[in-house]
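Single-structure report; data block below.
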Amino acid sequence: MSTTEITQDNVETILGSNDMVVLDCWASWCGPCRSFAPTYEAASERHPSAVWGKLDTEAQPEVAQAFDIRSIPTVMVFRQGVLLFRQAGALPASALDEIVEKVQGLDMDDIRKQIAEHEQAHAEGRCDHDHDHDH
């Protein structure tokens with residue numbers, strides 16, 4: 001499986017119509033991004049059931065801003081449209097494999113239930129932990 005270019009025109013469709021999307025946010029001037037590219041491409045070959053997207057943050061600044069990309073490379077993993085993993089920095093091949101396998105094994109009904117419970121806790125003012133967003 002080759003990688004798919006992610007653009008403002010296709011991002012919603014790709015995230016909404018595929019079970020699993022792995023996203024590499026990168027730029028051509030970024031040395032670590034260029035070094036990570038072959039590792040990412042090889043992982044896409046090992047895990048063809050996922051869509052492996054490449055988001056050029058320079059060519060698609062609106063999408064990068066929507067995803068709040070602040071450093072590159074950043075790898076994000078979505079399953080059924082839900083962001084389940086996000087990490088800045090190049091990952092080793094073994095870590096990519098492990099992340100894909102773990103995300104594939106998740107019970108998405110349970111994940112959606114947990115998200116709904118968390119949103120309810122926010123609505124009721126019961127959320128008392130720090131998770132890097134405003135309350």
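Every chain in the structure tokens has a letter given in the order shown (A, B, ...), and although residue numbers restart at 1 in each chain, ligands are simply numbered from 1 in the order shown.
Residue-level DSSP output for region 70-103 of chain A, from the backbone, shows strand (DSSP E) at Thr74, Val75, Met76, Val77, Phe78, Arg79, Val82, Leu83, Leu84, Phe85, Arg86, Gln87 and Ala88 of chain A.
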request  = Using DSSP on the backbone coordinates, identify all residues within chain A classified as helix (DSSP H, G or I); present the result as a PyMOL selection string.
outcome  = chain A and resi 11-17+31-46+61-66+93-104+108-123
task = Tell me, as a list in words, which residues lie within 12 Å of Ser49 (chain A), counting only C-alpha atoms; anything in the same chain fewer than 5 positions away does not count.
result = Met1, Ser2, Asn18, Asp19, Met20, Val21, Val22, Ala43, Ser44, Arg79, Val100, Glu101 and Gln104 of chain A
Export of the given selection (C-alpha atoms) as a PDB file, in the first residue's frame:
```
ATOM      1  CA  MET A   1       0.000   0.000   0.000  1.00  0.00           C
ATOM      2  CA  SER A   2       1.343   3.391  -0.844  1.00  0.00           C
ATOM      3  CA  ASN A  18     -11.942   4.474   6.434  1.00  0.00           C
ATOM      4  CA  ASP A  19     -11.764   2.320   9.539  1.00  0.00           C
ATOM      5  CA  MET A  20      -8.193   3.320  10.339  1.00  0.00           C
ATOM      6  CA  VAL A  21      -6.065   6.231   9.148  1.00  0.00           C
ATOM      7  CA  VAL A  22      -2.433   6.774  10.122  1.00  0.00           C
ATOM      8  CA  ALA A  43       5.002   0.456   7.697  1.00  0.00           C
ATOM      9  CA  SER A  44       2.298   1.235   5.140  1.00  0.00           C
ATOM     10  CA  ARG A  79     -10.001   4.832  14.005  1.00  0.00           C
ATOM     11  CA  VAL A 100      -1.289   0.000  14.594  1.00  0.00           C
ATOM     12  CA  GLU A 101      -1.832  -3.403  16.200  1.00  0.00           C
ATOM     13  CA  GLN A 104      -6.814  -2.271  15.512  1.00  0.00           C
TER      14      GLN A 104
END
```
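Every protein or nucleic acid residue with an atom no more than 10 Å from Met76 (chain A), counting only C-alpha atoms and leaving out same-chain residues fewer than 4 positions away, appears here: Val21, Val22, Leu23, Asp24, Cys25, Gly53, Phe67, Leu83, Leu84, Phe85, Arg86, Gln87 and Ala88 of chain A.
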Based on the selection just made, write all heavy atoms of those residues as a short mmCIF file (atom, residue, chain, number, x, y, z; two decimals), in the first residue's frame.
```
data_model
loop_
_atom_site.label_atom_id
_atom_site.label_comp_id
_atom_site.auth_asym_id
_atom_site.auth_seq_id
_atom_site.Cartn_x
_atom_site.Cartn_y
_atom_site.Cartn_z
N VAL A 21 -6.91 5.32 9.91
CA VAL A 21 -6.06 6.23 9.15
C VAL A 21 -4.86 6.59 10.03
O VAL A 21 -5.02 7.04 11.15
CB VAL A 21 -6.80 7.52 8.74
CG1 VAL A 21 -5.87 8.47 7.99
CG2 VAL A 21 -8.04 7.19 7.89
N VAL A 22 -3.68 6.36 9.48
CA VAL A 22 -2.43 6.77 10.12
C VAL A 22 -1.95 7.98 9.34
O VAL A 22 -1.90 7.95 8.11
CB VAL A 22 -1.38 5.65 10.10
CG1 VAL A 22 -0.12 6.07 10.84
CG2 VAL A 22 -1.94 4.35 10.66
N LEU A 23 -1.63 9.05 10.04
CA LEU A 23 -1.31 10.31 9.39
C LEU A 23 0.08 10.80 9.79
O LEU A 23 0.37 10.91 10.98
CB LEU A 23 -2.37 11.35 9.76
CG LEU A 23 -2.29 12.72 9.11
CD1 LEU A 23 -2.36 12.61 7.60
CD2 LEU A 23 -3.43 13.59 9.63
N ASP A 24 0.90 11.07 8.81
CA ASP A 24 2.24 11.65 9.02
C ASP A 24 2.17 13.11 8.60
O ASP A 24 1.94 13.42 7.43
CB ASP A 24 3.27 10.90 8.18
CG ASP A 24 4.66 11.52 8.22
OD1 ASP A 24 4.97 12.26 9.17
OD2 ASP A 24 5.44 11.26 7.28
N CYS A 25 2.36 14.02 9.56
CA CYS A 25 2.39 15.45 9.27
C CYS A 25 3.85 15.84 9.11
O CYS A 25 4.65 15.65 10.03
CB CYS A 25 1.74 16.22 10.42
SG CYS A 25 0.04 15.67 10.75
N GLY A 53 -1.75 8.23 5.44
CA GLY A 53 -1.81 9.55 4.85
C GLY A 53 -0.56 10.37 5.13
O GLY A 53 0.10 10.20 6.16
N PHE A 67 -5.55 20.54 12.86
CA PHE A 67 -5.03 19.46 13.69
C PHE A 67 -4.09 19.97 14.78
O PHE A 67 -3.54 19.18 15.54
CB PHE A 67 -4.30 18.42 12.84
CG PHE A 67 -5.21 17.52 12.04
CD1 PHE A 67 -4.90 17.22 10.73
CD2 PHE A 67 -6.36 16.98 12.59
CE1 PHE A 67 -5.71 16.37 9.98
CE2 PHE A 67 -7.17 16.14 11.85
CZ PHE A 67 -6.85 15.84 10.55
N LEU A 83 -9.66 10.31 16.94
CA LEU A 83 -8.21 10.41 17.17
C LEU A 83 -7.85 9.62 18.41
O LEU A 83 -8.33 9.91 19.50
CB LEU A 83 -7.80 11.88 17.35
CG LEU A 83 -6.33 12.12 17.69
CD1 LEU A 83 -5.41 11.62 16.58
CD2 LEU A 83 -6.09 13.59 17.98
N LEU A 84 -6.99 8.60 18.23
CA LEU A 84 -6.62 7.72 19.34
C LEU A 84 -5.15 7.83 19.72
O LEU A 84 -4.77 7.39 20.80
CB LEU A 84 -6.95 6.27 18.97
CG LEU A 84 -8.43 5.99 18.76
CD1 LEU A 84 -8.64 4.61 18.18
CD2 LEU A 84 -9.20 6.16 20.06
N PHE A 85 -4.33 8.39 18.84
CA PHE A 85 -2.90 8.50 19.12
C PHE A 85 -2.37 9.73 18.42
O PHE A 85 -2.76 10.02 17.29
CB PHE A 85 -2.15 7.26 18.61
CG PHE A 85 -0.67 7.33 18.80
CD1 PHE A 85 -0.08 6.95 20.00
CD2 PHE A 85 0.15 7.80 17.79
CE1 PHE A 85 1.29 7.03 20.18
CE2 PHE A 85 1.52 7.89 17.96
CZ PHE A 85 2.10 7.50 19.16
N ARG A 86 -1.47 10.42 19.12
CA ARG A 86 -0.81 11.59 18.54
C ARG A 86 0.53 11.75 19.23
O ARG A 86 0.60 11.79 20.46
CB ARG A 86 -1.66 12.84 18.78
CG ARG A 86 -1.00 14.11 18.32
CD ARG A 86 -1.82 15.30 18.83
NE ARG A 86 -1.22 16.50 18.38
CZ ARG A 86 -1.77 17.35 17.53
NH1 ARG A 86 -2.96 17.15 17.06
NH2 ARG A 86 -1.13 18.43 17.17
N GLN A 87 1.60 11.83 18.43
CA GLN A 87 2.92 12.03 19.01
C GLN A 87 3.82 12.75 18.02
O GLN A 87 3.88 12.40 16.85
CB GLN A 87 3.56 10.70 19.39
CG GLN A 87 4.91 10.86 20.05
CD GLN A 87 5.43 9.56 20.62
OE1 GLN A 87 4.68 8.80 21.21
NE2 GLN A 87 6.70 9.31 20.42
N ALA A 88 4.49 13.78 18.52
CA ALA A 88 5.48 14.48 17.71
C ALA A 88 6.79 13.70 17.75
O ALA A 88 7.11 13.08 18.76
CB ALA A 88 5.68 15.89 18.23
#
```
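Atom pair CA of Ala37 (chain A) / CA of Thr13 (chain A) has a distance of 23.6 Å (rounded to one decimal).
Take CA of Leu55 (chain A) and CA of Ile115 (chain A): the distance between them is 26.1 Å.
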query = So which one's closest to Arg112 (chain A), A:His47, A:Ile6, A:Gln80, A:His129? Using only C-alpha atoms, please.
reply = A:Gln80
Proximity to Arg70 (chain A) - best of A:Ile99, A:Gln114, A:Thr57, A:Trp52, only C-alpha atoms = A:Thr57
inquiry  = When you count only C-alpha atoms, which of these residues is closest to Ala59 (chain A): A:Leu15, A:Met108, A:Ser94, A:Ala27?
reply    = A:Ala27
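In this structure, CA of Glu5 (chain A) sits 23.4 Å away from CA of Glu98 (chain A).
Nearest-residue note for Ala64 (chain A): choosing from A:Thr7, A:Ser17, A:Ser28, A:Gln120, the minimum distance belongs to A:Thr7, counting only C-alpha atoms.
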request  = Would you please work out which residue, of A:His118, A:Val77, A:Asp68, A:Val11, is nearest to Leu96 (chain A) when using only C-alpha atoms?
outcome  = A:Val77
ask   = Got a sec: who's within 12 Å of Gly31 (chain A), counting only C-alpha atoms, leaving out chain neighbours fewer than 5 positions off, as a count of residues only?
value = 7
